[in-house]
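Novice: This one is structure.cif, mmCIF, C-alpha atoms.
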data_model
#
loop_
_atom_site.label_atom_id
_atom_site.label_comp_id
_atom_site.auth_asym_id
_atom_site.auth_seq_id
_atom_site.Cartn_x
_atom_site.Cartn_y
_atom_site.Cartn_z
CA MET A 1 -19.42 -1.25 -7.36
CA ILE A 2 -18.47 -3.55 -10.22
CA ARG A 3 -19.18 -1.91 -13.56
CA ASP A 4 -18.86 -4.98 -15.78
CA GLN A 5 -18.45 -8.36 -14.09
CA GLU A 6 -17.26 -10.16 -17.22
CA THR A 7 -14.55 -7.59 -17.94
CA LEU A 8 -13.43 -7.67 -14.30
CA ASN A 9 -13.30 -11.47 -14.36
CA GLN A 10 -11.03 -11.34 -17.40
CA LEU A 11 -8.75 -8.82 -15.67
CA VAL A 12 -8.65 -10.89 -12.49
CA ASP A 13 -7.83 -14.05 -14.46
CA MET A 14 -5.02 -12.24 -16.29
CA ILE A 15 -3.51 -10.94 -13.07
CA ARG A 16 -3.90 -14.32 -11.35
CA GLN A 17 -1.98 -15.97 -14.17
CA PHE A 18 0.68 -13.26 -13.99
CA VAL A 19 1.01 -13.72 -10.22
CA ASP A 20 1.18 -17.52 -10.46
CA GLY A 21 3.29 -17.76 -13.60
CA VAL A 22 5.69 -14.83 -13.24
CA LEU A 23 5.70 -13.13 -9.85
CA ILE A 24 5.66 -16.10 -7.45
CA PRO A 25 8.48 -17.90 -9.34
CA HIS A 26 10.65 -14.76 -8.96
CA GLU A 27 10.00 -14.17 -5.24
CA ASN A 28 13.25 -15.75 -4.07
CA GLU A 29 15.29 -13.82 -6.63
CA VAL A 30 13.79 -10.54 -5.43
CA ALA A 31 14.43 -11.48 -1.80
CA GLU A 32 18.06 -12.39 -2.49
CA THR A 33 18.94 -9.46 -4.77
CA ASP A 34 16.67 -6.80 -3.23
CA GLN A 35 15.68 -5.88 -6.80
CA ILE A 36 12.70 -6.54 -9.05
CA PRO A 37 13.99 -7.71 -12.45
CA GLN A 38 13.61 -5.05 -15.13
CA LYS A 39 11.84 -7.50 -17.43
CA ILE A 40 9.09 -7.91 -14.84
CA ILE A 41 8.73 -4.15 -14.47
CA GLU A 42 8.29 -3.89 -18.23
CA GLN A 43 5.64 -6.62 -18.12
CA MET A 44 3.82 -4.68 -15.42
CA ARG A 45 3.83 -1.62 -17.65
CA THR A 46 2.56 -3.62 -20.62
CA LEU A 47 -0.28 -5.08 -18.55
CA GLY A 48 -1.32 -1.61 -17.39
CA LEU A 49 -0.70 -2.36 -13.72
CA PHE A 50 0.66 1.12 -12.98
CA GLY A 51 -2.64 2.70 -13.99
CA LEU A 52 -5.24 0.38 -12.52
CA THR A 53 -7.03 3.11 -10.55
CA ILE A 54 -6.17 6.16 -12.64
CA PRO A 55 -9.24 7.45 -14.55
CA GLU A 56 -9.71 6.23 -18.10
CA GLN A 57 -9.55 9.78 -19.48
CA TYR A 58 -5.93 9.84 -18.30
CA ASP A 59 -5.08 6.45 -19.86
CA GLY A 60 -5.72 4.33 -16.78
CA LEU A 61 -8.28 1.59 -16.18
CA GLY A 62 -10.30 3.66 -13.72
CA LEU A 63 -11.11 0.80 -11.35
CA THR A 64 -13.75 1.41 -8.72
CA MET A 65 -12.83 0.69 -5.11
CA GLU A 66 -14.56 -2.69 -5.18
CA GLU A 67 -12.77 -3.61 -8.40
CA GLU A 68 -9.47 -2.41 -6.94
CA VAL A 69 -9.71 -4.55 -3.80
CA THR A 70 -10.71 -7.55 -5.91
CA ILE A 71 -7.45 -7.14 -7.85
CA ALA A 72 -5.55 -6.55 -4.59
CA PHE A 73 -6.70 -9.94 -3.27
CA GLU A 74 -4.73 -11.46 -6.17
CA LEU A 75 -1.67 -9.21 -5.95
CA GLY A 76 -1.44 -9.89 -2.21
CA ARG A 77 -0.68 -13.56 -2.86
CA THR A 78 2.92 -12.82 -3.80
CA SER A 79 5.83 -10.83 -2.43
CA PRO A 80 4.64 -7.36 -1.31
CA ALA A 81 7.55 -5.83 -3.24
CA PHE A 82 5.74 -6.29 -6.55
CA ARG A 83 2.60 -4.59 -5.30
CA SER A 84 4.65 -1.86 -3.64
CA LEU A 85 6.26 -0.80 -6.91
CA ILE A 86 2.92 -0.17 -8.61
CA GLY A 87 1.07 0.70 -5.41
CA THR A 88 2.06 4.34 -5.09
CA ASN A 89 1.02 5.12 -8.68
CA ASN A 90 -2.36 3.53 -8.00
CA GLY A 91 -2.74 4.84 -4.48
CA ILE A 92 -1.16 7.50 -2.32
CA GLY A 93 1.08 8.81 -5.11
CA SER A 94 -1.77 9.65 -7.49
CA SER A 95 -4.89 9.90 -5.33
CA GLY A 96 -4.15 13.44 -4.20
CA LEU A 97 -4.05 14.60 -7.81
CA ILE A 98 -7.16 12.63 -8.74
CA ILE A 99 -9.14 13.95 -5.77
CA ASP A 100 -7.99 17.58 -5.57
CA GLY A 101 -5.67 18.33 -8.49
CA THR A 102 -6.31 20.96 -11.16
CA ASP A 103 -7.18 19.89 -14.68
CA THR A 104 -3.72 20.97 -15.84
CA GLN A 105 -1.99 18.95 -13.11
CA LYS A 106 -4.07 15.87 -13.89
CA SER A 107 -3.49 16.10 -17.64
CA PHE A 108 0.26 16.49 -17.25
CA PHE A 109 1.01 13.87 -14.59
CA LEU A 110 -1.67 11.18 -14.58
CA PRO A 111 -1.06 9.70 -18.06
CA ARG A 112 2.65 9.39 -17.26
CA LEU A 113 1.83 7.68 -13.96
CA ALA A 114 -0.66 5.36 -15.65
CA SER A 115 1.94 4.19 -18.17
CA GLY A 116 4.61 3.67 -15.52
CA GLU A 117 6.83 6.26 -17.20
CA LEU A 118 6.88 8.01 -13.82
CA ILE A 119 6.96 6.42 -10.39
CA SER A 120 5.32 8.49 -7.68
CA SER A 121 6.01 8.80 -3.95
CA PHE A 122 3.95 10.25 -1.12
CA CYS A 123 5.94 12.44 1.28
CA LEU A 124 4.07 12.91 4.55
CA THR A 125 6.00 11.18 7.36
CA GLU A 126 8.95 13.04 8.94
CA PRO A 127 11.59 12.19 11.57
CA GLU A 128 9.39 13.82 14.24
CA ALA A 129 5.99 13.51 12.56
CA GLY A 130 4.69 10.00 12.01
CA SER A 131 1.40 9.08 13.63
CA ASP A 132 0.97 12.76 14.50
CA ALA A 133 1.12 13.84 10.88
CA ALA A 134 -0.39 17.26 11.60
CA SER A 135 2.79 18.23 13.49
CA LEU A 136 4.98 18.11 10.38
CA LYS A 137 7.72 20.74 10.13
CA THR A 138 8.56 20.80 6.41
CA THR A 139 7.88 24.32 5.16
CA ALA A 140 6.93 25.84 1.81
CA VAL A 141 7.44 29.61 1.88
CA LYS A 142 5.87 31.70 -0.88
CA ASP A 143 8.39 33.68 -2.93
CA GLY A 144 6.68 35.42 -5.83
CA ASP A 145 5.57 32.78 -8.33
CA PHE A 146 7.48 30.09 -6.43
CA TYR A 147 7.61 28.27 -3.11
CA ILE A 148 10.84 27.49 -1.25
CA LEU A 149 10.61 23.99 0.19
CA ASN A 150 12.68 22.87 3.20
CA GLY A 151 12.44 19.73 5.31
CA THR A 152 13.08 16.01 5.56
CA LYS A 153 10.63 13.20 4.87
CA ARG A 154 11.19 9.69 6.24
CA PHE A 155 10.38 6.08 5.21
CA ILE A 156 9.21 7.22 1.77
CA THR A 157 8.14 4.26 -0.36
CA ASN A 158 9.63 4.17 -3.87
CA ALA A 159 11.62 7.35 -3.23
CA PRO A 160 14.79 5.90 -4.84
CA HIS A 161 12.84 5.40 -8.09
CA ALA A 162 10.42 8.32 -7.98
CA GLY A 163 9.95 10.80 -10.79
CA VAL A 164 7.51 12.88 -8.77
CA PHE A 165 6.80 13.45 -5.08
CA THR A 166 3.51 14.45 -3.49
CA VAL A 167 4.80 16.59 -0.63
CA MET A 168 2.92 17.80 2.43
CA ALA A 169 4.40 21.06 3.74
CA ARG A 170 3.42 23.86 6.08
CA THR A 171 2.63 27.01 4.10
CA ASN A 172 1.36 29.03 7.05
CA PRO A 173 3.55 28.62 10.18
CA GLU A 174 1.17 30.82 12.18
CA ILE A 175 -1.58 28.21 11.90
CA LYS A 176 -0.87 25.29 14.21
CA GLY A 177 -2.03 21.79 13.40
CA SER A 178 -3.42 20.60 10.10
CA CYS A 179 -4.98 23.77 8.68
CA GLY A 180 -1.64 25.30 7.76
CA ILE A 181 -0.57 22.33 5.62
CA SER A 182 -0.62 22.30 1.81
CA ALA A 183 0.10 19.62 -0.79
CA PHE A 184 2.53 19.95 -3.69
CA ILE A 185 3.43 17.82 -6.70
CA VAL A 186 7.21 18.07 -7.11
CA ASP A 187 9.50 16.88 -9.91
CA SER A 188 12.21 14.68 -8.36
CA THR A 189 14.91 16.30 -10.54
CA THR A 190 14.33 19.72 -8.98
CA ALA A 191 17.48 21.30 -7.59
CA GLY A 192 17.74 21.00 -3.82
CA ILE A 193 16.29 17.48 -3.56
CA SER A 194 18.52 14.72 -2.23
CA LEU A 195 17.93 11.19 -0.97
CA GLY A 196 19.14 9.51 2.19
CA LYS A 197 20.63 6.04 2.23
CA GLN A 198 18.24 3.23 1.38
CA ASP A 199 16.60 1.78 4.48
CA GLN A 200 17.57 -1.76 5.49
CA LYS A 201 14.27 -3.23 6.62
CA MET A 202 13.16 -6.35 8.49
CA GLY A 203 11.40 -7.60 5.37
CA GLN A 204 9.90 -6.58 2.04
CA LYS A 205 13.14 -6.85 0.10
CA GLY A 206 12.75 -5.28 -3.31
CA ALA A 207 10.45 -2.57 -1.92
CA HIS A 208 12.67 0.44 -1.34
CA THR A 209 12.32 3.34 1.07
CA CYS A 210 14.58 6.20 2.13
CA ASP A 211 14.61 9.78 3.40
CA VAL A 212 13.84 12.60 0.98
CA ILE A 213 15.55 15.89 1.84
CA PHE A 214 14.43 19.27 0.51
CA GLU A 215 16.98 22.08 0.90
CA ASN A 216 15.91 25.47 -0.44
CA CYS A 217 14.07 23.61 -3.17
CA ARG A 218 12.47 26.16 -5.46
CA ILE A 219 9.21 24.91 -6.96
CA PRO A 220 6.68 26.80 -9.10
CA ALA A 221 3.43 27.95 -7.53
CA SER A 222 1.67 25.74 -10.10
CA ALA A 223 2.93 22.75 -8.10
CA LEU A 224 0.39 23.51 -5.36
CA ILE A 225 -2.17 20.72 -5.71
CA GLY A 226 -5.57 22.20 -6.48
CA GLY A 227 -4.07 25.71 -6.42
CA VAL A 228 -5.33 26.24 -2.87
CA GLU A 229 -3.27 26.51 0.32
CA GLY A 230 -4.25 24.96 3.63
CA VAL A 231 -6.15 21.90 2.39
CA GLY A 232 -3.18 19.54 2.03
CA PHE A 233 -3.86 17.63 5.23
CA LYS A 234 -7.47 17.06 4.22
CA THR A 235 -6.18 15.78 0.89
CA ALA A 236 -3.80 13.44 2.72
CA MET A 237 -6.57 12.04 4.90
CA LYS A 238 -8.78 11.38 1.86
CA VAL A 239 -5.85 9.57 0.27
CA LEU A 240 -5.22 7.48 3.39
CA ASP A 241 -8.84 6.33 3.67
CA LYS A 242 -8.53 4.77 0.23
CA GLY A 243 -5.05 3.44 0.96
CA ARG A 244 -6.22 1.74 4.12
CA LEU A 245 -8.81 -0.25 2.22
CA HIS A 246 -6.16 -1.24 -0.31
CA ILE A 247 -3.71 -2.42 2.38
CA ALA A 248 -6.52 -4.37 4.04
CA ALA A 249 -7.19 -6.14 0.74
CA ILE A 250 -3.49 -6.88 0.25
CA SER A 251 -3.44 -8.32 3.80
CA VAL A 252 -6.30 -10.64 2.87
CA GLY A 253 -4.42 -11.79 -0.23
CA ALA A 254 -1.24 -12.44 1.74
CA ALA A 255 -3.18 -14.39 4.36
CA ILE A 256 -4.79 -16.51 1.64
CA ARG A 257 -1.34 -17.34 0.23
CA MET A 258 0.12 -18.21 3.63
CA LEU A 259 -2.83 -20.42 4.53
CA ASP A 260 -2.70 -22.18 1.15
CA ASP A 261 0.98 -22.95 1.71
CA ALA A 262 0.38 -24.10 5.28
CA LEU A 263 -2.50 -26.37 4.26
CA LYS A 264 -0.38 -27.96 1.54
CA PHE A 265 2.46 -28.48 4.01
CA ALA A 266 0.11 -29.96 6.63
CA ILE A 267 -1.28 -32.46 4.12
CA GLU A 268 2.18 -33.54 2.93
CA ARG A 269 4.02 -33.53 6.29
CA LYS A 270 3.82 -36.87 8.13
CA GLN A 271 4.26 -37.40 11.86
CA PHE A 272 3.20 -40.32 14.04
CA GLY A 273 2.28 -42.20 10.89
CA GLN A 274 -0.17 -39.70 9.44
CA ALA A 275 -0.40 -36.26 7.87
CA ILE A 276 -0.28 -33.52 10.49
CA ALA A 277 -3.44 -32.10 8.88
CA GLU A 278 -5.26 -34.95 10.62
CA PHE A 279 -4.36 -33.60 14.07
CA GLN A 280 -7.12 -31.56 15.65
CA LEU A 281 -4.86 -28.81 16.98
CA ILE A 282 -3.50 -28.25 13.47
CA GLN A 283 -7.05 -28.28 12.14
CA ALA A 284 -8.01 -25.63 14.72
CA MET A 285 -5.30 -23.28 13.44
CA LEU A 286 -6.34 -23.90 9.85
CA ALA A 287 -10.00 -23.31 10.65
CA ASP A 288 -9.41 -20.16 12.72
CA SER A 289 -7.31 -18.73 9.91
CA LYS A 290 -9.92 -19.55 7.26
CA ALA A 291 -12.71 -17.94 9.29
CA GLU A 292 -10.73 -14.77 9.98
CA ILE A 293 -9.73 -14.40 6.33
CA TYR A 294 -13.39 -14.74 5.34
CA ALA A 295 -14.42 -12.10 7.88
CA ALA A 296 -11.73 -9.66 6.72
CA LYS A 297 -12.59 -10.19 3.06
CA CYS A 298 -16.24 -9.45 3.74
CA MET A 299 -15.28 -6.27 5.60
CA VAL A 300 -13.06 -5.09 2.74
CA ILE A 301 -15.73 -5.63 0.10
CA ASP A 302 -18.45 -4.01 2.20
CA ALA A 303 -16.35 -0.91 2.95
CA ALA A 304 -15.28 -0.66 -0.70
CA ARG A 305 -18.91 -0.73 -1.82
CA GLN A 306 -19.80 2.00 0.66
CA ARG A 307 -16.97 4.17 -0.65
CA ASP A 308 -18.09 3.59 -4.23
CA ALA A 309 -21.58 4.70 -3.18
CA GLY A 310 -20.13 8.04 -2.09
CA GLN A 311 -20.38 7.44 1.64
CA ASN A 312 -17.87 8.69 4.20
CA VAL A 313 -15.94 5.54 5.12
CA SER A 314 -13.40 6.99 7.55
CA THR A 315 -14.57 4.69 10.35
CA GLU A 316 -15.10 1.68 8.11
CA ALA A 317 -11.69 2.10 6.45
CA SER A 318 -9.99 2.18 9.84
CA CYS A 319 -12.02 -0.79 11.13
CA THR A 320 -11.12 -2.78 8.02
CA LYS A 321 -7.46 -1.84 8.02
CA MET A 322 -7.13 -2.64 11.73
CA PHE A 323 -8.89 -5.99 11.55
CA ALA A 324 -7.40 -7.22 8.28
CA THR A 325 -3.78 -6.38 9.09
CA GLU A 326 -4.01 -7.81 12.60
CA MET A 327 -5.70 -10.89 11.14
CA CYS A 328 -2.86 -11.25 8.66
CA GLY A 329 -0.33 -11.19 11.50
CA ARG A 330 -2.22 -13.90 13.38
CA VAL A 331 -2.45 -16.06 10.27
CA ALA A 332 1.28 -15.61 9.64
CA ASP A 333 2.06 -16.75 13.18
CA ARG A 334 -0.19 -19.79 12.94
CA CYS A 335 1.26 -20.76 9.57
CA VAL A 336 4.80 -20.64 10.92
CA GLN A 337 3.59 -22.84 13.78
CA ILE A 338 2.01 -25.32 11.37
CA HIS A 339 5.30 -25.53 9.47
CA GLY A 340 7.14 -26.19 12.73
CA GLY A 341 10.91 -25.86 12.44
CA SER A 342 10.59 -25.60 8.67
CA GLY A 343 8.69 -22.33 9.15
CA TYR A 344 11.84 -20.76 10.55
CA ILE A 345 13.89 -21.71 7.49
CA SER A 346 14.06 -19.43 4.45
CA GLU A 347 13.55 -22.40 2.11
CA TYR A 348 9.84 -21.98 2.83
CA ALA A 349 7.98 -18.82 1.79
CA ILE A 350 6.28 -18.49 5.17
CA GLU A 351 9.55 -17.39 6.77
CA ARG A 352 9.70 -14.42 4.38
CA PHE A 353 5.98 -13.65 4.59
CA TYR A 354 6.13 -13.66 8.39
CA ARG A 355 8.58 -10.75 8.20
CA ASP A 356 7.00 -9.04 5.22
CA VAL A 357 3.45 -8.77 6.57
CA ARG A 358 4.56 -7.25 9.88
CA LEU A 359 4.71 -3.88 8.15
CA PHE A 360 1.02 -3.95 7.29
CA ARG A 361 0.14 -3.14 10.90
CA LEU A 362 2.37 -0.07 10.84
CA TYR A 363 2.02 1.94 7.64
CA GLU A 364 -1.06 3.85 6.48
CA GLY A 365 -1.55 4.45 10.21
CA THR A 366 -0.68 1.97 12.96
CA THR A 367 -3.31 -0.25 14.56
CA GLN A 368 -3.34 2.09 17.54
CA ILE A 369 -4.02 5.10 15.31
CA GLN A 370 -6.92 3.21 13.70
CA GLN A 371 -8.33 2.54 17.18
CA MET A 372 -8.15 6.25 17.97
CA ILE A 373 -9.85 7.22 14.70
CA ILE A 374 -12.64 4.70 15.22
CA ALA A 375 -13.30 5.75 18.81
CA ARG A 376 -13.16 9.48 18.06
CA ASN A 377 -15.55 9.08 15.14
CA MET A 378 -17.93 7.14 17.41
CA ILE A 379 -17.81 9.85 20.07
CA ARG A 380 -18.24 12.61 17.49
CA ALA A 381 -21.27 10.88 16.04
CA VAL A 382 -23.20 11.12 19.31
CA SER A 383 -21.90 14.48 20.51
#
Go ahead and express the file in the form of structure tokens.

Specialist:
Amino acid sequence: MIRDQETLNQLVDMIRQFVDGVLIPHENEVAETDQIPQKIIEQMRTLGLFGLTIPEQYDGLGLTMEEEVTIAFELGRTSPAFRSLIGTNNGIGSSGLIIDGTDTQKSFFLPRLASGELISSFCLTEPEAGSDAASLKTTAVKDGDFYILNGTKRFITNAPHAGVFTVMARTNPEIKGSCGISAFIVDSTTAGISLGKQDQKMGQKGAHTCDVIFENCRIPASALIGGVEGVGFKTAMKVLDKGRLHIAAISVGAAIRMLDDALKFAIERKQFGQAIAEFQLIQAMLADSKAEIYAAKCMVIDAARQRDAGQNVSTEASCTKMFATEMCGRVADRCVQIHGGSGYISEYAIERFYRDVRLFRLYEGTTQIQQMIIARNMIRAVS
């Protein structure tokens, strides 16, 4: 659902200019230093990029899902690190509050997230609970007007910069599986919180992750999202449905960038007396990539529209995330191939993108988890 096409066009144009004029020229610097320059972070705040999806009543732009993915197509054309910094505030770090938070929780946290004053992180994954998120072991034990939080969370995006954590913890150890899990919004300065060493990843330099450790961390009962125990896992799954559509859109944007670069290279690179773009096997890789990008983009927009219409898009979100991220990986591989030996050299952006986009098939649920969700939903629908 697009509320005002002209306004959206203006926003898209602004972000496209920002991506082309500011973010892309700083990609190499971010890759080399593993840091996003502070001046760029300030520009992101000024442009309102931390609050794209936060409701207008809390000082955000309140983008619909279709509007969000349209923006994500543009943000995906540059280093994922830039999107990652603002991504948690617009996605998994704020969605739980937006969907299930109390009015008090929303009023206190969401304006600060929208402005970029606070960076949020989503703490679900653990050392022994990744794809099987319902098996998490972090506990939150009630103690009067407080909860005592203990456990370790792993691979937490933006944790080194976070002002608040959305934490999934087991409040009822007697209930196995997901029904005993609750969600909390936790101030990162709370005593008992510590961070592990920053993860050294294959790619996505400038996007930081690490462990978050809670040791007898005493948090007020008011930190319980929605004020209700036992619904945290349902909150997490609602958040992930939205996040999967967003990652699919980012994958489309990244694939567009890689194909644009590969096409330019193929036109300029000469072999056997002509541009390699004239060779049919190169053309086949270009054409296959273009067709798959188009298919993924159509899927993203269709699923986004269904979500905006209030439909349950669990299956569609998983289909879209699975197809778009796998597509992005295939496009990355073809584009390295089109570049030949140059594609293996860091002078060309495709070398970095090839590593960066590999993560898309892993987080927000691996491809294999998406396959399981899709199949189980199909079986459930006819049972």

Novice: I need the residue set behind the PyMOL selection byres ((chain A and resi 286) around 10) for this file; please write it as JSON, numbers by chain.

Specialist: {"A": [259, 260, 262, 263, 266, 277, 280, 281, 282, 283, 284, 285, 287, 288, 289, 290, 291, 331, 334, 335, 338]}

Novice: Which neighbours of Asp333 (chain A) fall inside 10 Å, counting all atoms listed in the file, when residues of the same chain fewer than 6 positions from it are skipped, and could you give them as a ChimeraX atom specification?

Specialist: /A:258,285,327,343,350-351,353-354

Novice: Can you tell me how far CA of Ile71 (chain A) sits from CA of Thr104 (chain A), in Å to one decimal?

Specialist: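 The value is 29.5 Å.
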
Novice: Using only C-alpha atoms, pick whichever of A:Arg352, A:Lys297, A:Lys270, A:Arg330 has the shortest atom-to-atom distance to Glu32 (chain A).

Specialist: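 Checking each of A:Arg352, A:Lys297, A:Lys270, A:Arg330 against Glu32 (chain A), counting only C-alpha atoms, the winner is A:Arg352.
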
Novice: Using all atoms listed in the file, can you tell me which of A:Glu27, A:Glu174, A:Asp100, A:Glu292 comes closest to Lys234 (chain A)?

Specialist: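 Smallest separation from Lys234 (chain A) among the options: A:Asp100.
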
Novice: With a distance cut-off of 7 Å and all atoms listed in the file, select the neighbouring residues of Glu215 (chain A), excluding the residue or stretch itself and same-chain residues fewer than 4 positions from it, and output the selection as an NGL selection string.

Specialist: :A and (149-151 or 192-193)

Novice: Can you fill out region 346-361 of chain A with N, CA, C and O atoms and hand it back as a JSON list (two decimals), in the coordinates of the input?

Specialist:
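As written to disk, selection.json reads:
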[["chain", "number", "residue", "atom", "x", "y", "z"],
["A", 346, "SER", "N", 14.39, -20.26, 5.60],
["A", 346, "SER", "CA", 14.06, -19.43, 4.45],
["A", 346, "SER", "C", 13.73, -20.23, 3.20],
["A", 346, "SER", "O", 13.25, -19.68, 2.20],
["A", 347, "GLU", "N", 13.93, -21.56, 3.24],
["A", 347, "GLU", "CA", 13.55, -22.40, 2.11],
["A", 347, "GLU", "C", 12.04, -22.34, 1.87],
["A", 347, "GLU", "O", 11.56, -22.55, 0.75],
["A", 348, "TYR", "N", 11.29, -22.06, 2.92],
["A", 348, "TYR", "CA", 9.84, -21.98, 2.83],
["A", 348, "TYR", "C", 9.39, -20.52, 2.81],
["A", 348, "TYR", "O", 9.90, -19.69, 3.57],
["A", 349, "ALA", "N", 8.41, -20.21, 1.97],
["A", 349, "ALA", "CA", 7.98, -18.82, 1.79],
["A", 349, "ALA", "C", 7.42, -18.21, 3.06],
["A", 349, "ALA", "O", 7.48, -16.99, 3.24],
["A", 350, "ILE", "N", 6.89, -19.04, 3.97],
["A", 350, "ILE", "CA", 6.28, -18.49, 5.17],
["A", 350, "ILE", "C", 7.28, -17.72, 6.02],
["A", 350, "ILE", "O", 6.91, -16.74, 6.69],
["A", 351, "GLU", "N", 8.54, -18.12, 6.00],
["A", 351, "GLU", "CA", 9.55, -17.39, 6.77],
["A", 351, "GLU", "C", 9.64, -15.95, 6.29],
["A", 351, "GLU", "O", 9.71, -15.00, 7.08],
["A", 352, "ARG", "N", 9.62, -15.76, 4.96],
["A", 352, "ARG", "CA", 9.70, -14.42, 4.38],
["A", 352, "ARG", "C", 8.40, -13.65, 4.62],
["A", 352, "ARG", "O", 8.41, -12.48, 4.99],
["A", 353, "PHE", "N", 7.26, -14.32, 4.40],
["A", 353, "PHE", "CA", 5.98, -13.65, 4.59],
["A", 353, "PHE", "C", 5.79, -13.20, 6.03],
["A", 353, "PHE", "O", 5.22, -12.13, 6.29],
["A", 354, "TYR", "N", 6.26, -14.00, 6.97],
["A", 354, "TYR", "CA", 6.13, -13.66, 8.39],
["A", 354, "TYR", "C", 6.77, -12.30, 8.66],
["A", 354, "TYR", "O", 6.22, -11.48, 9.42],
["A", 355, "ARG", "N", 7.91, -12.05, 8.03],
["A", 355, "ARG", "CA", 8.58, -10.75, 8.20],
["A", 355, "ARG", "C", 7.92, -9.67, 7.35],
["A", 355, "ARG", "O", 7.74, -8.53, 7.79],
["A", 356, "ASP", "N", 7.55, -10.04, 6.13],
["A", 356, "ASP", "CA", 7.00, -9.04, 5.22],
["A", 356, "ASP", "C", 5.69, -8.43, 5.72],
["A", 356, "ASP", "O", 5.48, -7.22, 5.64],
["A", 357, "VAL", "N", 4.78, -9.27, 6.23],
["A", 357, "VAL", "CA", 3.45, -8.77, 6.57],
["A", 357, "VAL", "C", 3.43, -7.98, 7.87],
["A", 357, "VAL", "O", 2.43, -7.32, 8.17],
["A", 358, "ARG", "N", 4.52, -8.02, 8.62],
["A", 358, "ARG", "CA", 4.56, -7.25, 9.88],
["A", 358, "ARG", "C", 4.38, -5.76, 9.63],
["A", 358, "ARG", "O", 3.83, -5.02, 10.47],
["A", 359, "LEU", "N", 4.82, -5.30, 8.47],
["A", 359, "LEU", "CA", 4.71, -3.88, 8.15],
["A", 359, "LEU", "C", 3.28, -3.42, 7.95],
["A", 359, "LEU", "O", 2.95, -2.25, 8.17],
["A", 360, "PHE", "N", 2.40, -4.34, 7.57],
["A", 360, "PHE", "CA", 1.02, -3.95, 7.29],
["A", 360, "PHE", "C", 0.35, -3.30, 8.49],
["A", 360, "PHE", "O", -0.54, -2.46, 8.34],
["A", 361, "ARG", "N", 0.75, -3.69, 9.69],
["A", 361, "ARG", "CA", 0.14, -3.14, 10.90],
["A", 361, "ARG", "C", 0.72, -1.79, 11.30],
["A", 361, "ARG", "O", 0.28, -1.17, 12.29]]
